[in-house]
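Contents: one structure, followed by commentary.
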Amino acid sequence: FDSKALQVRWYFEYSSDWNLLEGPREGQSQAYAYGREGRLAVLDHPMDLRIHTSSAFRMAQVISTVPKLTVQVYQADDLSRHELTGYGFCHLPMVSGTHDIEIVCWRPFGTWYERLSSKFIGG
């Protein structure tokens with residue numbers, strides 16, 4: 001991302017085969033991550049979630065029903081305006097414990113007019 005100040009809003013998605021036992025289903029990072037050009041912006045925001053399913057064998061066969069973590073990345077510009085700068089998702093690990101997860105993010109490229117407009121007025 002080009003921005004110096006990034007914030008993440010996250011949401012856990014899962015099918016009706018899963019039950020949320022403990023923890024929030026959605027939230028956002030508490031502070032901005034500040035990265036330098038060409039470097040990763042590390043948010044290091046812990047998320048504690050306990051989910052349960054009674055059909056684990058079937059879940060291993062059908063990847064589309066494995067719970068996902070969906071993220072939206074927002075940036076703050078020099079005028080403190082927040083705008084969506086990317087989004088992505090990853091499947092949750094199917095074993096308990098602590099995990100470091102990297103999520104590849106993307107955003108629509110837009111037309112030349114939309115890109116020019118975003119340079120001057122944001123969006």
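Lettering and numbering for the structure tokens are positional, with chains as A, B, ... in the shown order, residues counted from 1 in each chain, and ligands counted from 1 in the shown order.
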Helix (DSSP H, G or I) call set, DSSP backbone run, chain A, as a PyMOL selection string: chain A and resi 56-61+63-65+112-121
Might you pull out every residue within 9 Å of region 107-112 of chain A, with only C-alpha atoms counted and same-chain residues fewer than 4 positions away left off, and present them as an mmCIF file with C-alpha atoms, in the first residue's frame?
```cif
data_model
loop_
_atom_site.group_PDB
_atom_site.id
_atom_site.type_symbol
_atom_site.label_atom_id
_atom_site.label_comp_id
_atom_site.auth_asym_id
_atom_site.auth_seq_id
_atom_site.Cartn_x
_atom_site.Cartn_y
_atom_site.Cartn_z
ATOM 1 C CA LEU A 84 -10.869 1.846 1.407
ATOM 2 C CA THR A 85 -7.531 0.980 -0.156
ATOM 3 C CA GLY A 86 -7.722 -2.813 -0.398
ATOM 4 C CA TYR A 87 -9.437 -5.991 0.700
ATOM 5 C CA GLY A 88 -8.691 -9.686 0.940
ATOM 6 C CA LEU A 116 -7.100 11.089 -11.356
ATOM 7 C CA SER A 117 -10.069 12.068 -9.230
#
```
Neighbour list for region 63-74 of chain A as a VMD selection string, cut-off 9 Å, only C-alpha atoms, skip fewer than 5 positions in-chain: chain A and resid 5 to 18 82 to 94 103 105
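For the pair CA of His52 (chain A) and CA of Glu102 (chain A), the interatomic distance is 23.5 Å.
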Those in region 74-104 of chain A with strand (DSSP E) from DSSP, as a PyMOL selection string: chain A and resi 74-76+82-91
Go ahead and save the residues from that selection, with N, CA, C and O atoms, as a compact mmCIF listing (two decimals), in the first residue's frame.
```txt
# COMPACT_ATOMS: atom_id res chain seq x y z
N TYR A 74 -7.99 0.20 5.28
CA TYR A 74 -8.28 1.62 5.08
C TYR A 74 -7.00 2.42 5.28
O TYR A 74 -6.15 2.05 6.08
N GLN A 75 -6.89 3.52 4.57
CA GLN A 75 -5.75 4.40 4.73
C GLN A 75 -6.23 5.78 5.17
O GLN A 75 -7.35 6.17 4.85
N ALA A 76 -5.39 6.47 5.89
CA ALA A 76 -5.67 7.85 6.27
C ALA A 76 -4.71 8.73 5.48
O ALA A 76 -3.50 8.50 5.47
N HIS A 82 -10.45 8.86 5.64
CA HIS A 82 -10.29 7.40 5.58
C HIS A 82 -10.94 6.89 4.31
O HIS A 82 -12.09 7.22 4.02
N GLU A 83 -10.20 6.08 3.58
CA GLU A 83 -10.77 5.50 2.37
C GLU A 83 -10.32 4.06 2.23
O GLU A 83 -9.22 3.69 2.66
N LEU A 84 -11.18 3.25 1.64
CA LEU A 84 -10.87 1.85 1.41
C LEU A 84 -9.75 1.76 0.39
O LEU A 84 -9.84 2.31 -0.70
N THR A 85 -8.68 1.07 0.75
CA THR A 85 -7.53 0.98 -0.16
C THR A 85 -7.25 -0.45 -0.59
O THR A 85 -6.45 -0.67 -1.48
N GLY A 86 -7.91 -1.43 0.02
CA GLY A 86 -7.72 -2.81 -0.40
C GLY A 86 -8.55 -3.76 0.45
O GLY A 86 -9.05 -3.38 1.51
N TYR A 87 -8.70 -4.98 -0.04
CA TYR A 87 -9.44 -5.99 0.70
C TYR A 87 -8.92 -7.36 0.32
O TYR A 87 -8.27 -7.54 -0.71
N GLY A 88 -9.16 -8.33 1.19
CA GLY A 88 -8.69 -9.69 0.94
C GLY A 88 -9.28 -10.66 1.94
O GLY A 88 -10.05 -10.27 2.82
N PHE A 89 -8.93 -11.93 1.81
CA PHE A 89 -9.41 -12.93 2.75
C PHE A 89 -8.42 -14.08 2.80
O PHE A 89 -7.56 -14.24 1.94
N CYS A 90 -8.56 -14.90 3.85
CA CYS A 90 -7.79 -16.14 3.96
C CYS A 90 -8.65 -17.15 4.71
O CYS A 90 -9.53 -16.78 5.48
N HIS A 91 -8.40 -18.42 4.46
CA HIS A 91 -9.07 -19.47 5.21
C HIS A 91 -8.37 -19.61 6.56
O HIS A 91 -7.15 -19.48 6.66
```
Given only C-alpha atoms as the counted atoms, nearest of A:Phe120, A:Gly23, A:Tyr34, A:Asp48 to Ser96 (chain A): A:Asp48
Leu21 (chain A) environment, 8 Å, only C-alpha atoms, sequence neighbours closer than 3 positions dropped, as a list in words: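 After dropping sequence-adjacent residues, the list is Leu49, Arg50, Ile51 and His52 of chain A.
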Output N, CA and C atoms for every residue in the selection just made, as a CSV table (one decimal), in the first residue's frame.
```
chain,number,residue,atom,x,y,z
A,49,LEU,N,-10.7,-16.2,18.8
A,49,LEU,CA,-12.0,-16.7,18.4
A,49,LEU,C,-12.1,-18.2,18.6
A,50,ARG,N,-13.2,-18.6,19.2
A,50,ARG,CA,-13.4,-20.1,19.4
A,50,ARG,C,-14.7,-20.5,18.6
A,51,ILE,N,-14.5,-21.4,17.7
A,51,ILE,CA,-15.7,-21.8,16.9
A,51,ILE,C,-15.7,-23.4,17.0
A,52,HIS,N,-16.9,-23.9,16.8
A,52,HIS,CA,-17.0,-25.4,16.9
A,52,HIS,C,-17.9,-25.9,15.7
```
